[in-house]
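Colleague: So that you have it, the file is model-v3.cif, and it contains mmCIF, C-alpha atoms and all ligand atoms:
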```cif
data_structure
loop_
_atom_site.group_PDB
_atom_site.id
_atom_site.type_symbol
_atom_site.label_atom_id
_atom_site.label_comp_id
_atom_site.auth_asym_id
_atom_site.auth_seq_id
_atom_site.Cartn_x
_atom_site.Cartn_y
_atom_site.Cartn_z
ATOM 1 C CA MET A 1 25.112 11.066 -33.604
ATOM 2 C CA THR A 2 25.165 10.290 -37.357
ATOM 3 C CA ALA A 3 24.787 6.570 -36.739
ATOM 4 C CA ARG A 4 21.628 7.239 -34.688
ATOM 5 C CA ALA A 5 19.876 8.343 -37.891
ATOM 6 C CA THR A 6 19.521 4.683 -38.888
ATOM 7 C CA TYR A 7 17.793 3.655 -35.653
ATOM 8 C CA PRO A 8 14.020 2.882 -35.629
ATOM 9 C CA PHE A 9 13.068 5.942 -33.556
ATOM 10 C CA ALA A 10 15.680 8.295 -35.003
ATOM 11 C CA GLY A 11 14.370 11.848 -35.253
ATOM 12 C CA LYS A 12 11.403 11.047 -32.974
ATOM 13 C CA THR A 13 10.656 12.365 -29.509
ATOM 14 C CA ILE A 14 8.850 10.520 -26.726
ATOM 15 C CA LEU A 15 7.348 12.195 -23.647
ATOM 16 C CA ILE A 16 6.981 9.894 -20.640
ATOM 17 C CA THR A 17 5.047 10.720 -17.469
ATOM 18 C CA GLY A 18 6.234 8.903 -14.367
ATOM 19 C CA GLY A 19 9.535 9.055 -16.216
ATOM 20 C CA ALA A 20 11.627 8.712 -13.072
ATOM 21 C CA GLY A 21 9.930 5.450 -12.009
ATOM 22 C CA ASP A 22 10.971 1.899 -12.851
ATOM 23 C CA ILE A 23 8.932 1.477 -16.041
ATOM 24 C CA GLY A 24 9.396 5.109 -17.123
ATOM 25 C CA GLN A 25 13.175 4.794 -16.866
ATOM 26 C CA ALA A 26 13.260 1.430 -18.646
ATOM 27 C CA THR A 27 11.155 2.873 -21.469
ATOM 28 C CA ALA A 28 13.315 5.985 -21.703
ATOM 29 C CA ARG A 29 16.419 3.796 -22.090
ATOM 30 C CA ARG A 30 14.681 1.605 -24.683
ATOM 31 C CA PHE A 31 13.608 4.542 -26.854
ATOM 32 C CA ALA A 32 16.940 6.338 -26.399
ATOM 33 C CA ALA A 33 18.776 3.200 -27.513
ATOM 34 C CA ASP A 34 16.610 3.216 -30.647
ATOM 35 C CA GLY A 35 17.443 6.829 -31.479
ATOM 36 C CA ALA A 36 14.659 8.877 -29.848
ATOM 37 C CA ALA A 37 14.976 12.100 -27.896
ATOM 38 C CA VAL A 38 13.388 11.750 -24.478
ATOM 39 C CA VAL A 39 11.230 14.046 -22.320
ATOM 40 C CA LEU A 40 10.622 12.867 -18.759
ATOM 41 C CA LEU A 41 7.931 14.244 -16.429
ATOM 42 C CA ASP A 42 7.734 13.209 -12.785
ATOM 43 C CA LEU A 43 7.066 14.448 -9.261
ATOM 44 C CA ASN A 44 10.412 13.078 -8.092
ATOM 45 C CA GLU A 45 13.007 15.744 -8.914
ATOM 46 C CA VAL A 46 15.954 13.843 -7.455
ATOM 47 C CA LYS A 47 15.360 10.718 -9.521
ATOM 48 C CA LEU A 48 14.610 12.838 -12.613
ATOM 49 C CA ALA A 49 18.021 14.488 -12.270
ATOM 50 C CA GLU A 50 19.735 11.089 -11.951
ATOM 51 C CA VAL A 51 18.117 9.713 -15.120
ATOM 52 C CA LYS A 52 18.873 12.923 -16.997
ATOM 53 C CA CYS A 53 22.564 12.667 -16.033
ATOM 54 C CA GLU A 54 22.727 9.048 -17.148
ATOM 55 C CA LEU A 55 21.097 9.712 -20.528
ATOM 56 C CA GLU A 56 23.142 12.842 -21.206
ATOM 57 C CA ALA A 57 26.322 10.900 -20.415
ATOM 58 C CA ASN A 58 25.303 8.663 -23.332
ATOM 59 C CA GLN A 59 24.716 11.670 -25.642
ATOM 60 C CA ILE A 60 20.928 11.207 -25.596
ATOM 61 C CA PRO A 61 18.907 14.413 -26.148
ATOM 62 C CA VAL A 62 16.822 14.672 -22.985
ATOM 63 C CA ALA A 63 14.651 17.193 -21.133
ATOM 64 C CA THR A 64 13.067 16.724 -17.718
ATOM 65 C CA PHE A 65 10.205 18.559 -16.050
ATOM 66 C CA CYS A 66 9.092 18.327 -12.448
ATOM 67 C CA CYS A 67 5.371 17.853 -13.034
ATOM 68 C CA ASP A 68 2.426 16.677 -10.975
ATOM 69 C CA VAL A 69 -0.102 15.173 -13.393
ATOM 70 C CA THR A 70 -2.889 16.231 -11.025
ATOM 71 C CA SER A 71 -2.032 19.872 -11.765
ATOM 72 C CA PRO A 72 -3.342 21.252 -15.084
ATOM 73 C CA LEU A 73 -0.803 24.064 -14.895
ATOM 74 C CA ASP A 74 2.144 21.696 -14.374
ATOM 75 C CA VAL A 75 1.037 19.554 -17.326
ATOM 76 C CA ALA A 76 0.537 22.574 -19.596
ATOM 77 C CA ASN A 77 3.930 24.026 -18.622
ATOM 78 C CA ALA A 78 5.768 20.745 -19.109
ATOM 79 C CA PHE A 79 4.255 20.204 -22.578
ATOM 80 C CA ALA A 80 5.018 23.814 -23.546
ATOM 81 C CA GLY A 81 8.635 23.403 -22.410
ATOM 82 C CA ALA A 82 9.018 20.089 -24.220
ATOM 83 C CA ILE A 83 7.551 21.454 -27.451
ATOM 84 C CA GLU A 84 9.755 24.533 -27.256
ATOM 85 C CA ARG A 85 12.825 22.295 -26.956
ATOM 86 C CA PHE A 86 11.973 19.515 -29.472
ATOM 87 C CA LYS A 87 9.271 21.188 -31.646
ATOM 88 C CA ARG A 88 7.232 18.011 -32.010
ATOM 89 C CA LEU A 89 6.248 15.161 -29.674
ATOM 90 C CA ASP A 90 5.702 11.993 -31.707
ATOM 91 C CA TYR A 91 4.937 9.667 -28.808
ATOM 92 C CA VAL A 92 3.394 10.170 -25.377
ATOM 93 C CA PHE A 93 3.594 7.412 -22.777
ATOM 94 C CA ASN A 94 0.930 8.313 -20.191
ATOM 95 C CA ASN A 95 2.489 6.236 -17.446
ATOM 96 C CA ALA A 96 2.508 8.048 -14.081
ATOM 97 C CA GLY A 97 0.536 6.107 -11.507
ATOM 98 C CA TYR A 98 -0.098 5.346 -7.855
ATOM 99 C CA GLN A 99 -0.984 1.848 -6.654
ATOM 100 C CA GLY A 100 -3.110 2.936 -3.687
ATOM 101 C CA LEU A 101 -3.567 1.165 -0.380
ATOM 102 C CA PHE A 102 -4.287 -2.545 -0.050
ATOM 103 C CA VAL A 103 -7.503 -2.625 1.967
ATOM 104 C CA ARG A 104 -10.680 -4.701 1.798
ATOM 105 C CA THR A 105 -13.576 -3.008 -0.010
ATOM 106 C CA ASP A 106 -15.726 -2.306 3.064
ATOM 107 C CA GLU A 107 -12.874 -0.441 4.744
ATOM 108 C CA TYR A 108 -11.248 1.283 1.760
ATOM 109 C CA PRO A 109 -10.615 4.932 2.815
ATOM 110 C CA GLU A 110 -12.302 7.652 0.788
ATOM 111 C CA ASP A 111 -9.270 9.964 0.703
ATOM 112 C CA ASP A 112 -7.025 7.294 -0.809
ATOM 113 C CA PHE A 113 -9.735 6.321 -3.307
ATOM 114 C CA GLU A 114 -9.865 9.950 -4.438
ATOM 115 C CA LYS A 115 -6.073 10.185 -4.599
ATOM 116 C CA VAL A 116 -5.790 7.104 -6.817
ATOM 117 C CA ILE A 117 -8.528 8.321 -9.170
ATOM 118 C CA ASN A 118 -7.030 11.803 -9.307
ATOM 119 C CA ILE A 119 -3.588 10.550 -10.360
ATOM 120 C CA ASN A 120 -4.473 7.458 -12.405
ATOM 121 C CA VAL A 121 -7.667 8.623 -14.143
ATOM 122 C CA THR A 122 -7.875 12.431 -14.081
ATOM 123 C CA GLY A 123 -4.092 12.683 -14.564
ATOM 124 C CA VAL A 124 -4.230 10.319 -17.542
ATOM 125 C CA TYR A 125 -7.143 12.285 -19.044
ATOM 126 C CA ARG A 126 -5.275 15.559 -18.562
ATOM 127 C CA VAL A 127 -2.060 14.380 -20.220
ATOM 128 C CA LEU A 128 -3.993 12.625 -23.000
ATOM 129 C CA LYS A 129 -5.961 15.796 -23.778
ATOM 130 C CA VAL A 130 -2.903 18.043 -24.003
ATOM 131 C CA ALA A 131 -1.032 15.395 -26.002
ATOM 132 C CA ALA A 132 -3.938 15.079 -28.448
ATOM 133 C CA GLN A 133 -4.184 18.853 -28.879
ATOM 134 C CA HIS A 134 -0.485 19.007 -29.747
ATOM 135 C CA MET A 135 -0.571 15.967 -32.033
ATOM 136 C CA ARG A 136 -3.507 17.422 -33.985
ATOM 137 C CA THR A 137 -1.413 20.496 -34.747
ATOM 138 C CA VAL A 138 1.532 18.404 -36.014
ATOM 139 C CA GLY A 139 -0.499 15.925 -38.068
ATOM 140 C CA GLY A 140 -0.555 12.859 -35.819
ATOM 141 C CA GLY A 141 1.186 10.779 -33.222
ATOM 142 C CA SER A 142 0.895 7.784 -30.966
ATOM 143 C CA ILE A 143 -0.157 7.614 -27.308
ATOM 144 C CA VAL A 144 0.100 4.675 -24.935
ATOM 145 C CA ASN A 145 -1.875 4.866 -21.692
ATOM 146 C CA MET A 146 -0.569 2.760 -18.828
ATOM 147 C CA ALA A 147 -3.380 0.551 -17.542
ATOM 148 C CA SER A 148 -2.734 -2.705 -15.660
ATOM 149 C CA TYR A 149 -3.875 -6.288 -15.568
ATOM 150 C CA ALA A 150 -5.634 -5.115 -12.370
ATOM 151 C CA GLY A 151 -7.869 -3.181 -14.782
ATOM 152 C CA VAL A 152 -8.791 -6.459 -16.480
ATOM 153 C CA ILE A 153 -9.357 -8.858 -13.572
ATOM 154 C CA GLY A 154 -9.910 -6.771 -10.384
ATOM 155 C CA PRO A 155 -7.505 -8.276 -7.812
ATOM 156 C CA PRO A 156 -8.513 -8.371 -4.114
ATOM 157 C CA ASN A 157 -7.769 -5.371 -1.826
ATOM 158 C CA MET A 158 -7.073 -3.022 -4.753
ATOM 159 C CA LEU A 159 -10.451 -1.346 -5.138
ATOM 160 C CA ALA A 160 -9.310 2.122 -6.190
ATOM 161 C CA TYR A 161 -6.405 0.943 -8.327
ATOM 162 C CA SER A 162 -8.541 -1.615 -10.101
ATOM 163 C CA ALA A 163 -11.273 0.991 -10.746
ATOM 164 C CA SER A 164 -8.693 3.448 -12.058
ATOM 165 C CA LYS A 165 -7.113 1.003 -14.479
ATOM 166 C CA PHE A 166 -10.490 -0.234 -15.817
ATOM 167 C CA ALA A 167 -11.159 3.472 -16.445
ATOM 168 C CA VAL A 168 -7.868 3.894 -18.324
ATOM 169 C CA ILE A 169 -8.882 1.102 -20.711
ATOM 170 C CA GLY A 170 -12.243 2.828 -21.289
ATOM 171 C CA ILE A 171 -10.569 6.182 -21.849
ATOM 172 C CA THR A 172 -8.244 4.526 -24.360
ATOM 173 C CA LYS A 173 -11.071 3.000 -26.397
ATOM 174 C CA THR A 174 -13.061 6.224 -26.664
ATOM 175 C CA ALA A 175 -9.996 8.384 -27.328
ATOM 176 C CA ALA A 176 -8.871 5.994 -30.082
ATOM 177 C CA LYS A 177 -12.168 6.542 -31.907
ATOM 178 C CA ASP A 178 -12.190 10.305 -31.366
ATOM 179 C CA LEU A 179 -8.600 10.805 -32.497
ATOM 180 C CA ALA A 180 -8.287 8.337 -35.385
ATOM 181 C CA PRO A 181 -9.419 10.979 -37.950
ATOM 182 C CA TYR A 182 -6.377 13.030 -36.927
ATOM 183 C CA GLN A 183 -3.864 10.164 -37.375
ATOM 184 C CA ILE A 184 -3.452 9.838 -33.621
ATOM 185 C CA ARG A 185 -3.376 6.277 -32.324
ATOM 186 C CA VAL A 186 -4.227 5.558 -28.684
ATOM 187 C CA ASN A 187 -3.530 2.190 -27.078
ATOM 188 C CA ALA A 188 -3.265 0.822 -23.539
ATOM 189 C CA LEU A 189 -0.783 -1.487 -21.915
ATOM 190 C CA SER A 190 -1.761 -3.844 -19.081
ATOM 191 C CA PRO A 191 1.214 -5.468 -17.403
ATOM 192 C CA SER A 192 0.500 -7.988 -14.682
ATOM 193 C CA LEU A 193 3.320 -8.897 -12.283
ATOM 194 C CA ILE A 194 6.466 -6.978 -13.214
ATOM 195 C CA GLY A 195 9.735 -6.960 -11.373
ATOM 196 C CA PRO A 196 12.038 -6.673 -9.693
ATOM 197 C CA GLY A 197 10.797 -3.160 -8.956
ATOM 198 C CA SER A 198 9.257 -0.909 -6.360
ATOM 199 C CA LEU A 199 5.641 -1.876 -7.108
ATOM 200 C CA TRP A 200 6.346 -5.622 -6.937
ATOM 201 C CA THR A 201 8.035 -5.251 -3.536
ATOM 202 C CA ARG A 202 5.270 -2.943 -2.323
ATOM 203 C CA GLN A 203 2.372 -5.118 -3.432
ATOM 204 C CA THR A 204 3.665 -8.391 -1.979
ATOM 205 C CA LYS A 205 4.306 -6.651 1.352
ATOM 206 C CA LEU A 206 0.934 -4.894 1.422
ATOM 207 C CA GLN A 207 -1.064 -7.927 0.256
ATOM 208 C CA ALA A 208 0.615 -9.893 3.062
ATOM 209 C CA GLY A 209 -0.555 -7.269 5.540
ATOM 210 C CA ALA A 210 -4.107 -6.993 4.216
ATOM 211 C CA GLN A 211 -5.458 -9.941 6.241
ATOM 212 C CA SER A 212 -7.249 -11.391 3.266
ATOM 213 C CA GLN A 213 -8.306 -14.956 2.651
ATOM 214 C CA TYR A 214 -6.364 -14.959 -0.615
ATOM 215 C CA TYR A 215 -2.793 -14.386 0.543
ATOM 216 C CA ASP A 216 -0.428 -15.508 3.271
ATOM 217 C CA THR A 217 0.911 -13.051 5.861
ATOM 218 C CA ASP A 218 4.532 -13.640 4.770
ATOM 219 C CA PRO A 219 5.479 -11.513 1.709
ATOM 220 C CA LYS A 220 7.850 -14.250 0.466
ATOM 221 C CA VAL A 221 4.956 -16.732 0.417
ATOM 222 C CA VAL A 222 2.739 -14.107 -1.241
ATOM 223 C CA GLU A 223 5.333 -13.780 -4.030
ATOM 224 C CA GLN A 224 5.010 -17.515 -4.742
ATOM 225 C CA GLN A 225 1.201 -17.403 -4.496
ATOM 226 C CA MET A 226 1.073 -14.594 -7.023
ATOM 227 C CA LEU A 227 3.592 -16.140 -9.386
ATOM 228 C CA SER A 228 1.731 -19.457 -9.386
ATOM 229 C CA SER A 229 -1.198 -17.648 -11.061
ATOM 230 C CA VAL A 230 0.961 -16.425 -13.963
ATOM 231 C CA PRO A 231 0.929 -18.709 -17.022
ATOM 232 C CA MET A 232 4.685 -18.199 -17.645
ATOM 233 C CA ARG A 233 5.422 -18.738 -13.901
ATOM 234 C CA ARG A 234 7.736 -15.731 -13.687
ATOM 235 C CA LEU A 235 7.672 -11.970 -13.353
ATOM 236 C CA GLY A 236 7.609 -9.896 -16.504
ATOM 237 C CA SER A 237 10.698 -7.692 -16.782
ATOM 238 C CA LEU A 238 10.832 -3.918 -17.064
ATOM 239 C CA ALA A 239 12.481 -4.375 -20.460
ATOM 240 C CA GLU A 240 9.549 -6.506 -21.625
ATOM 241 C CA VAL A 241 7.140 -3.730 -20.668
ATOM 242 C CA ALA A 242 9.291 -1.204 -22.550
ATOM 243 C CA ASN A 243 9.281 -3.522 -25.576
ATOM 244 C CA GLY A 244 5.472 -3.518 -25.469
ATOM 245 C CA VAL A 245 5.410 0.274 -25.447
ATOM 246 C CA ALA A 246 7.901 0.390 -28.309
ATOM 247 C CA PHE A 247 5.781 -1.968 -30.406
ATOM 248 C CA LEU A 248 2.565 -0.011 -29.813
ATOM 249 C CA MET A 249 4.285 3.272 -30.668
ATOM 250 C CA SER A 250 6.086 1.916 -33.736
ATOM 251 C CA ASP A 251 5.050 2.059 -37.386
ATOM 252 C CA GLU A 252 4.677 -1.742 -37.206
ATOM 253 C CA ALA A 253 1.531 -1.046 -35.164
ATOM 254 C CA CYS A 254 0.303 1.646 -37.552
ATOM 255 C CA TYR A 255 -3.170 0.090 -37.893
ATOM 256 C CA ILE A 256 -3.553 -0.727 -34.186
ATOM 257 C CA THR A 257 -5.605 1.667 -32.096
ATOM 258 C CA GLY A 258 -7.975 1.248 -29.134
ATOM 259 C CA PHE A 259 -6.132 -1.944 -28.207
ATOM 260 C CA ASN A 260 -5.187 -3.105 -24.694
ATOM 261 C CA LEU A 261 -1.949 -5.123 -24.746
ATOM 262 C CA GLU A 262 -1.892 -7.519 -21.777
ATOM 263 C CA ILE A 263 1.512 -8.605 -20.523
ATOM 264 C CA THR A 264 2.022 -11.893 -18.585
ATOM 265 C CA GLY A 265 -1.516 -12.471 -17.223
ATOM 266 C CA GLY A 266 -2.140 -14.096 -13.833
ATOM 267 C CA GLN A 267 -2.978 -12.741 -10.338
HETATM 268 N N1 LIG B 301 5.324 -2.358 -11.947
HETATM 269 C C1 LIG B 301 4.219 -3.071 -12.116
HETATM 270 O O1 LIG B 301 4.130 -4.224 -11.692
HETATM 271 C C2 LIG B 301 3.058 -2.485 -12.862
HETATM 272 C C3 LIG B 301 2.075 -3.355 -13.353
HETATM 273 C C4 LIG B 301 0.986 -2.800 -14.034
HETATM 274 C C5 LIG B 301 0.887 -1.444 -14.207
HETATM 275 N N2 LIG B 301 1.853 -0.626 -13.700
HETATM 276 C C6 LIG B 301 1.701 0.813 -13.908
HETATM 277 O O2 LIG B 301 2.873 1.292 -14.527
HETATM 278 C C7 LIG B 301 3.074 2.668 -14.171
HETATM 279 C C8 LIG B 301 4.496 2.873 -13.705
HETATM 280 O O3 LIG B 301 4.731 2.016 -12.591
HETATM 281 P P1 LIG B 301 6.194 1.676 -12.030
HETATM 282 O O4 LIG B 301 6.248 0.223 -11.779
HETATM 283 O O5 LIG B 301 7.240 2.298 -12.855
HETATM 284 O O6 LIG B 301 6.070 2.388 -10.596
HETATM 285 P P2 LIG B 301 7.010 3.495 -9.937
HETATM 286 O O7 LIG B 301 6.385 3.783 -8.621
HETATM 287 O O8 LIG B 301 8.422 3.054 -10.007
HETATM 288 O O9 LIG B 301 6.819 4.735 -10.918
HETATM 289 C C9 LIG B 301 5.699 5.574 -10.897
HETATM 290 C C10 LIG B 301 6.200 6.991 -11.098
HETATM 291 O O10 LIG B 301 5.060 7.849 -11.189
HETATM 292 C C11 LIG B 301 5.394 9.032 -10.491
HETATM 293 N N3 LIG B 301 4.172 9.717 -10.048
HETATM 294 C C12 LIG B 301 3.283 9.327 -9.112
HETATM 295 N N4 LIG B 301 2.325 10.236 -8.971
HETATM 296 C C13 LIG B 301 2.596 11.240 -9.843
HETATM 297 C C14 LIG B 301 1.974 12.457 -10.172
HETATM 298 N N5 LIG B 301 0.873 12.869 -9.532
HETATM 299 N N6 LIG B 301 2.524 13.244 -11.133
HETATM 300 C C15 LIG B 301 3.663 12.850 -11.758
HETATM 301 N N7 LIG B 301 4.310 11.696 -11.483
HETATM 302 C C16 LIG B 301 3.781 10.907 -10.535
HETATM 303 C C17 LIG B 301 6.221 8.572 -9.298
HETATM 304 O O11 LIG B 301 7.007 9.624 -8.756
HETATM 305 C C18 LIG B 301 7.050 7.469 -9.926
HETATM 306 O O12 LIG B 301 8.302 7.943 -10.385
HETATM 307 C C19 LIG B 301 1.989 2.988 -13.139
HETATM 308 O O13 LIG B 301 0.907 3.628 -13.782
HETATM 309 C C20 LIG B 301 1.565 1.631 -12.637
HETATM 310 O O14 LIG B 301 0.249 1.635 -12.154
HETATM 311 C C21 LIG B 301 2.945 -1.118 -13.049
#
```
Rewrite the structure from the file as structure tokens, please.
Ligand SMILES: NC(=O)c1ccc[n+]([C@@H]2O[C@H](COP(=O)([O-])OP(=O)(O)OC[C@H]3O[C@@H](n4cnc5c(N)ncnc54)[C@H](O)[C@@H]3O)[C@@H](O)[C@H]2O)c1
Modeller:
Amino acid sequence: MTARATYPFAGKTILITGGAGDIGQATARRFAADGAAVVLLDLNEVKLAEVKCELEANQIPVATFCCDVTSPLDVANAFAGAIERFKRLDYVFNNAGYQGLFVRTDEYPEDDFEKVININVTGVYRVLKVAAQHMRTVGGGSIVNMASYAGVIGPPNMLAYSASKFAVIGITKTAAKDLAPYQIRVNALSPSLIGPGSLWTRQTKLQAGAQSQYYDTDPKVVEQQMLSSVPMRRLGSLAEVANGVAFLMSDEACYITGFNLEITGGQ
């Protein structure tokens, strides 16, 4: 434990929503490796318990909370529990998200549109607000909101998701201005095609089934079609996303706020 004091995030605590998912887990490992204590919030209790076990086995201070970001009570309780345990949250990674269905605009179902907006926009707002209230009381902090390259370009068949991630970038820019006087930085991250992972597998399969003019009906062909639009001609890795979060949170980015960091491009 003594050696951890020399690490870049030693003495800091990060709270991650969607902490049991692919990117949440990768980011938790990244920050833990650099000395941070980790708080993970997610709907998925089973996966949360697995990550907790893994981190504790490596002597990482960790707390997990089963939390639905669409529930104000869940969010308030999880933050209260985290603050009780670690006293101060230095970083909040507002990362929980749902990709939505892959359906052409004229047929996109209203209930799924609402679900996507509720998790990806209202959930992000809710976590951001509670995080900002806490950070004001402790003199500052850094927040990264998970957007997506879909919130920059608007890919086909992803109406709700695209709308939600454009909204996250807007939320980030306004929040950055509102919170700068309190030494709270707010940035967004917009990964494009990241994998291997559950969302990459899901999106190639669902795009293949969406009967659109843009993609083949074979998911393997869709993978190649998507990758051919990426300048680097490969998927971004989970570790590369975590590195982006780490940079935006770090003191090296101490003058960066209201920024949307795009990772890999393409689509
Ligand atoms: N993987 C990618 O290619 C990619 C690209 C761009 C953006 N993103 C964004 O990154 C974030 C994480 O994605 P991922 O790839 O790790 O996906 P994932 O599905 O592995 O993880 C998402 C996590 O969010 C949790 N979650 C969903 N709804 C929730 C809710 N209401 N309350 C609390 N937790 C909830 C899920 O249980 C899951 O553990 C998402 O916001 C996603 O939109 C991912």
Colleague: Can you pull out every residue within 12 Å of Arg88 of chain A, counting all atoms listed in the file, but drop anything in the same chain fewer than 4 positions away, and send it as a list in words?
Modeller: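 That gives Gly11, Lys12, Thr13, Ile14, Leu15, Ala36, Ala37, Val38, Val39, Phe79, Ala80, Gly81, Ala82, Ile83, Glu84, Val92, Ala131, Gln133, His134, Met135, Arg136, Thr137, Val138, Gly139, Gly140 and Gly141 of chain A.
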Colleague: Taking the file as I've supplied it (selection: the PyMOL selection byres (((chain A and resi 182-193) around 8) and not hetatm)), which residues are included? Please answer as an NGL selection string.
Modeller: :A and (132 or 135-136 or 139-152 or 168-169 or 172-173 or 175-176 or 179-181 or 194-195 or 200 or 227 or 235-236 or 241 or 244-245 or 248 or 254 or 256-267)
Colleague: Could you give me the residues within 8 Å of ligand LIG 301 (chain B), counting all atoms listed in the file, as a VMD selection string?
Modeller: chain A and resid 17 to 25 41 to 44 47 66 to 71 94 to 99 118 to 120 123 146 to 150 161 165 189 to 195 197 to 200 238
Colleague: For each of A:Tyr108, A:Phe102, A:Phe166, A:Tyr91, take the minimum atom-to-atom distance to Val121 of chain A, counting only C-alpha atoms, then give the residue where this is smallest.
Modeller: A:Phe166
Colleague: Using atom CA of Met158 of chain A and atom CA of Val103 of chain A as the two end points, give the distance in Å to one decimal.
Modeller: 6.7 Å
Colleague: Could you check which of A:Ser164, A:Ser212, A:Gln224, A:Thr27 is closest to Thr105 of chain A, using all atoms listed in the file?
Modeller: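 Counting all atoms listed in the file, the residue closest to Thr105 of chain A is A:Ser212.
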Colleague: Interatomic distance between atom CA of Leu73 of chain A and atom CA of Tyr125 of chain A?
Modeller: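 We find that atom CA of Leu73 of chain A and atom CA of Tyr125 of chain A lie 14.0 Å from each other.
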Colleague: Would you pick out the contacts of Glu223 of chain A at 10 Å or less, using only C-alpha atoms, so that residues sharing its chain but fewer than 5 positions from it are not included, and give the list as a list in words?
Modeller: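 Using only C-alpha atoms, the neighbours found are Leu193, Trp200, Thr201, Gln203, Thr204, Lys205, Gln207, Ala208, Tyr215, Asp216, Asp218, Ser228 and Leu235 of chain A.
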Colleague: Kindly compute an axis-aligned box around the listed atoms of segment 170-174 of chain A, allowing 5 Å on each side, and express its centre and edge lengths in Å to one decimal as lines of an AutoDock Vina configuration file.
Modeller:
```
center_x = -10.7
center_y = 4.5
center_z = -24.0
size_x = 14.8
size_y = 13.4
size_z = 15.4
```
Colleague: Could you please determine the separation between atom CA of Leu128 of chain A and atom CA of Glu54 of chain A in Å, to one decimal place?
Modeller: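 Between atom CA of Leu128 of chain A and atom CA of Glu54 of chain A the gap works out to 27.6 Å.
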